[in-house]
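Colleague: Take a look at final.csv, CSV, C-alpha atoms:
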```csv
chain,number,residue,atom,x,y,z
A,1,MET,CA,20.7,9.1,4.9
A,2,PHE,CA,20.0,11.5,2.1
A,3,LEU,CA,16.2,11.8,2.2
A,4,TYR,CA,13.8,11.9,5.1
A,5,ALA,CA,10.0,12.4,4.9
A,6,ALA,CA,7.4,12.9,7.5
A,7,GLU,CA,3.6,12.6,7.0
A,8,LEU,CA,2.1,15.5,8.9
A,9,ALA,CA,-1.5,16.0,10.1
A,10,ARG,CA,-3.1,19.1,11.6
A,11,ARG,CA,-5.1,18.5,14.8
A,12,ALA,CA,-8.3,20.3,15.6
A,13,ASP,CA,-6.4,22.8,17.8
A,14,GLY,CA,-4.2,23.8,14.9
A,15,SER,CA,-1.0,22.0,16.1
A,16,PHE,CA,0.8,19.5,13.8
A,17,CYS,CA,1.7,15.9,14.6
A,18,VAL,CA,3.9,13.4,12.7
A,19,MET,CA,1.8,10.5,11.5
A,20,ALA,CA,4.7,8.5,10.0
A,21,ASP,CA,8.4,8.7,9.3
A,22,ARG,CA,9.9,7.7,5.9
A,23,SER,CA,13.6,7.3,5.7
A,24,GLU,CA,13.8,4.2,3.5
A,25,ALA,CA,13.4,5.6,-0.1
A,26,PRO,CA,10.6,8.0,0.7
A,27,ALA,CA,8.1,8.6,-2.1
A,28,GLY,CA,7.3,12.1,-3.1
A,29,PRO,CA,10.2,14.3,-4.4
A,30,GLY,CA,9.7,13.2,-8.0
A,31,PHE,CA,5.9,13.6,-7.7
A,32,ALA,CA,6.3,17.0,-6.2
A,33,LEU,CA,8.7,18.1,-8.9
A,34,GLU,CA,6.4,16.8,-11.7
A,35,ASN,CA,3.3,18.5,-10.1
A,36,ARG,CA,5.2,21.7,-9.6
A,37,ILE,CA,6.3,21.8,-13.3
A,38,VAL,CA,2.9,21.1,-14.6
A,39,SER,CA,1.2,23.6,-12.2
A,40,SER,CA,3.7,26.3,-13.0
A,41,ARG,CA,3.1,25.9,-16.7
A,42,SER,CA,-0.7,25.8,-16.5
A,43,MET,CA,-1.0,28.6,-13.9
A,44,ALA,CA,2.1,30.7,-14.8
A,45,ALA,CA,0.5,34.0,-13.8
A,46,GLY,CA,-0.6,32.7,-10.4
A,47,PHE,CA,2.8,31.3,-9.7
A,48,LYS,CA,4.5,34.6,-10.4
A,49,GLN,CA,1.9,36.6,-8.4
A,50,LEU,CA,2.2,34.3,-5.3
A,51,ALA,CA,6.1,34.0,-5.6
A,52,VAL,CA,6.0,30.2,-5.2
A,53,GLU,CA,9.2,28.8,-3.9
A,54,ARG,CA,11.3,26.9,-6.5
A,55,LEU,CA,12.1,23.2,-5.9
A,56,ALA,CA,15.3,23.3,-8.0
A,57,PRO,CA,17.5,24.3,-5.0
A,58,PHE,CA,16.5,21.2,-3.1
A,59,PHE,CA,17.5,18.9,-6.0
A,60,VAL,CA,20.8,20.8,-6.5
A,61,ARG,CA,21.6,20.3,-2.8
A,62,LEU,CA,20.7,16.6,-3.1
A,63,GLN,CA,23.0,16.2,-6.1
A,64,ASN,CA,25.9,18.0,-4.4
A,65,SER,CA,25.4,16.0,-1.2
A,66,LEU,CA,25.5,12.7,-3.1
A,67,ARG,CA,28.6,13.9,-5.2
A,68,ARG,CA,30.5,14.9,-2.0
A,69,ARG,CA,30.0,11.4,-0.5
A,70,THR,CA,32.1,9.7,-3.2
A,71,ALA,CA,35.7,8.8,-2.6
A,72,ARG,CA,36.7,10.8,-5.6
A,73,PRO,CA,34.3,13.6,-6.3
A,74,THR,CA,34.7,14.8,-9.9
A,75,ASP,CA,32.5,15.8,-12.8
A,76,SER,CA,32.6,12.2,-13.9
A,77,THR,CA,31.2,10.7,-10.7
A,78,ARG,CA,28.9,7.9,-11.7
A,79,ILE,CA,25.7,8.0,-9.7
A,80,VAL,CA,22.8,5.6,-10.5
A,81,LEU,CA,19.3,5.5,-9.2
A,82,LEU,CA,18.3,1.9,-8.3
A,83,SER,CA,14.6,1.2,-9.0
A,84,SER,CA,12.4,-1.7,-8.3
A,85,GLY,CA,11.3,-1.6,-11.9
A,86,PRO,CA,8.3,-1.0,-14.1
A,87,SER,CA,5.9,-3.1,-12.0
A,88,HIS,CA,6.5,-1.0,-8.9
A,89,PRO,CA,3.8,1.7,-8.2
A,90,TYR,CA,6.5,4.4,-7.9
A,91,TYR,CA,8.4,3.6,-11.1
A,92,PHE,CA,7.1,6.8,-12.8
A,93,GLU,CA,8.7,8.8,-10.0
A,94,ASP,CA,12.0,6.8,-10.3
A,95,VAL,CA,12.1,7.6,-14.0
A,96,TYR,CA,11.3,11.2,-13.5
A,97,LEU,CA,13.9,11.7,-10.8
A,98,ALA,CA,16.6,9.9,-12.7
A,99,ARG,CA,16.0,12.0,-15.8
A,100,TYR,CA,15.8,15.3,-13.9
A,101,LEU,CA,18.9,14.6,-11.8
A,102,GLY,CA,20.9,13.3,-14.8
A,103,TYR,CA,21.4,9.8,-13.2
A,104,THR,CA,21.3,6.5,-14.9
A,105,LEU,CA,18.2,4.5,-13.9
A,106,VAL,CA,19.1,0.9,-13.1
A,107,GLU,CA,17.4,-2.2,-11.7
A,108,GLY,CA,19.2,-5.0,-9.8
A,109,GLY,CA,20.0,-6.9,-13.0
A,110,ASP,CA,21.9,-3.9,-14.4
A,111,LEU,CA,24.4,-4.1,-11.6
A,112,ALA,CA,27.1,-6.6,-10.6
A,113,VAL,CA,29.8,-6.8,-7.9
A,114,ARG,CA,33.3,-7.8,-9.1
A,115,SER,CA,36.2,-7.9,-6.7
A,116,ASP,CA,34.2,-5.9,-4.1
A,117,VAL,CA,33.5,-3.1,-6.6
A,118,LEU,CA,30.0,-2.3,-7.7
A,119,CYS,CA,29.7,-2.1,-11.5
A,120,MET,CA,27.0,-1.2,-14.0
A,121,LYS,CA,26.6,-3.5,-17.0
A,122,THR,CA,27.0,-1.7,-20.3
A,123,LEU,CA,27.4,-2.7,-23.9
A,124,SER,CA,31.1,-1.8,-23.5
A,125,GLY,CA,31.5,-3.9,-20.4
A,126,LEU,CA,31.4,-3.3,-16.7
A,127,VAL,CA,31.9,0.3,-15.5
A,128,PRO,CA,32.4,1.2,-11.8
A,129,VAL,CA,29.6,2.9,-9.9
A,130,ASP,CA,30.4,5.5,-7.3
A,131,ILE,CA,27.1,6.1,-5.6
A,132,VAL,CA,23.7,4.3,-5.6
A,133,MET,CA,20.7,6.3,-4.8
A,134,THR,CA,18.3,3.5,-3.9
A,135,ARG,CA,14.5,3.9,-4.2
A,136,CYS,CA,14.0,0.3,-3.1
A,137,ALA,CA,13.2,-1.4,0.2
A,138,GLU,CA,16.5,-2.1,2.0
A,139,ALA,CA,15.4,-5.6,3.0
A,140,GLY,CA,15.9,-6.9,-0.5
A,141,LEU,CA,19.0,-5.0,-1.4
A,142,ASP,CA,21.5,-7.8,-1.0
A,143,PRO,CA,20.1,-11.4,-1.2
A,144,LEU,CA,23.5,-12.9,-0.1
A,145,GLU,CA,23.4,-11.1,3.3
A,146,LEU,CA,19.8,-10.2,3.8
A,147,GLY,CA,18.2,-13.3,2.3
A,148,GLY,CA,15.3,-13.6,0.0
A,149,TYR,CA,14.8,-12.7,-3.6
A,150,SER,CA,14.0,-9.2,-4.8
A,151,ALA,CA,14.1,-7.9,-8.4
A,152,HIS,CA,16.2,-4.9,-7.3
A,153,GLY,CA,18.6,-7.0,-5.2
A,154,VAL,CA,22.3,-7.0,-6.1
A,155,PRO,CA,24.3,-10.0,-4.7
A,156,GLY,CA,27.4,-8.7,-2.8
A,157,ILE,CA,26.4,-5.0,-2.8
A,158,LEU,CA,26.8,-4.7,1.0
A,159,ASN,CA,30.3,-6.2,0.9
A,160,ALA,CA,31.2,-3.7,-1.8
A,161,VAL,CA,30.0,-0.9,0.4
A,162,ARG,CA,32.1,-2.1,3.3
A,163,ALA,CA,35.1,-2.5,1.0
```
Is it possible to express this structure as structure tokens?

Modeller:
Amino acid sequence: MFLYAAELARRADGSFCVMADRSEAPAGPGFALENRIVSSRSMAAGFKQLAVERLAPFFVRLQNSLRRRTARPTDSTRIVLLSSGPSHPYYFEDVYLARYLGYTLVEGGDLAVRSDVLCMKTLSGLVPVDIVMTRCAEAGLDPLELGGYSAHGVPGILNAVRA
């Protein structure tokens, strides 16, 4: 698990409580980044005066954590961000995160499993993918094993993970 989010609320006595947990593609990091960039540009003096903490170190740690999980961590590690597509309410965040992190944004139809290897379809042919950062509900990830149809589903992806 690379990302975890908790929805917090403050009680009348000042204590905090967790209202909900989000570990399956939590929404928010891309929106936080986009809001921080816009706010820091429109209120630059206030940001400097208040010494607002930067978000970049979080994203660098996320990138490093993902890269370390691959079987062959190199500068050419291919990491993709799997999105549910333009009709999903968080698509903007998917696009923003993929661009900021330098990952290729893909949908289920952009990926294929061949000989238990997950590949991305390109104009030059299939290229292996090392890591998939999914922003989709896990229930539709592999229609062969989990059943049902989902636009972001990739038949055989779970078998590729096991292999």

Colleague: Please indicate the distance in Å from CA of Arg162 (chain A) to CA of Gly125 (chain A), rounded to one decimal place.

Modeller: 23.8 Å

Colleague: Give me the residues of region 81-127 of chain A that have any atom at most 6 Å from an atom of region 141-160 of chain A; for each, the nearest atom pair and the distance in Å, rounded to one decimal. Use all atoms listed in the file, sort by chain and number, and format it as a tab-separated table.

Modeller:
```
residue	atom	partner	partner_atom	distance
A:Ser84	CA	A:His152	CA	5.1
A:Glu107	CA	A:His152	CA	5.3
A:Gly108	CA	A:His152	CA	3.9
A:Val113	CA	A:Gly156	CA	5.9
A:Asp116	CA	A:Ala160	CA	4.4
A:Val117	CA	A:Ala160	CA	5.4
```

Colleague: Pick out the residues sitting within 7 Å of Arg78 (chain A), and hand them over as a list in words; count all atoms listed in the file, and ignore anything fewer than 4 positions along from it in its own chain.

Modeller: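 Residues meeting the cut-off are Val129, Asp130 and Ile131 of chain A.
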
Colleague: With all atoms listed in the file as the counted atoms, please give the residues lying no more than 10 Å from Leu105 (chain A), apart from itself and same-chain residues fewer than 6 positions off, as a list in words.

Modeller: Ile79, Val80, Leu81, Leu82, Ser83, Gly85, Asp94, Val95, Tyr96, Leu97, Ala98, Arg99, Val132 and Met133 of chain A

Colleague: Using only C-alpha atoms, which protein or nucleic acid residues come within 12 Å of Ser40 (chain A)? Drop anything in the same chain fewer than 6 positions from it, and give the result as a list in words.

Modeller: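 The filter keeps Ala32, Leu33, Glu34, Gly46, Phe47, Lys48, Gln49, Leu50, Ala51, Val52, Glu53, Arg54 and Leu55 of chain A.
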
Colleague: Ser65 (chain A): which residues within 12 Å, counting only C-alpha atoms, same-chain residues fewer than 5 positions away excluded, as a ChimeraX atom specification?

Modeller: /A:1-3,58-60,70,73,79,131,133

Colleague: Which residue is closest to Ala5 (chain A)? Choose from A:Gly109, A:Gly102, A:Pro86, A:Pro29 and count all atoms listed in the file.

Modeller: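 The answer is A:Pro29, which sits nearest to Ala5 (chain A).
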
Colleague: Give the answer as one residue: which of A:Ala6, A:Met43, A:Ala27, A:Leu101 has the shortest atom-to-atom distance to Arg61 (chain A), using all atoms listed in the file?

Modeller: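 Nearest to Arg61 (chain A): A:Leu101.
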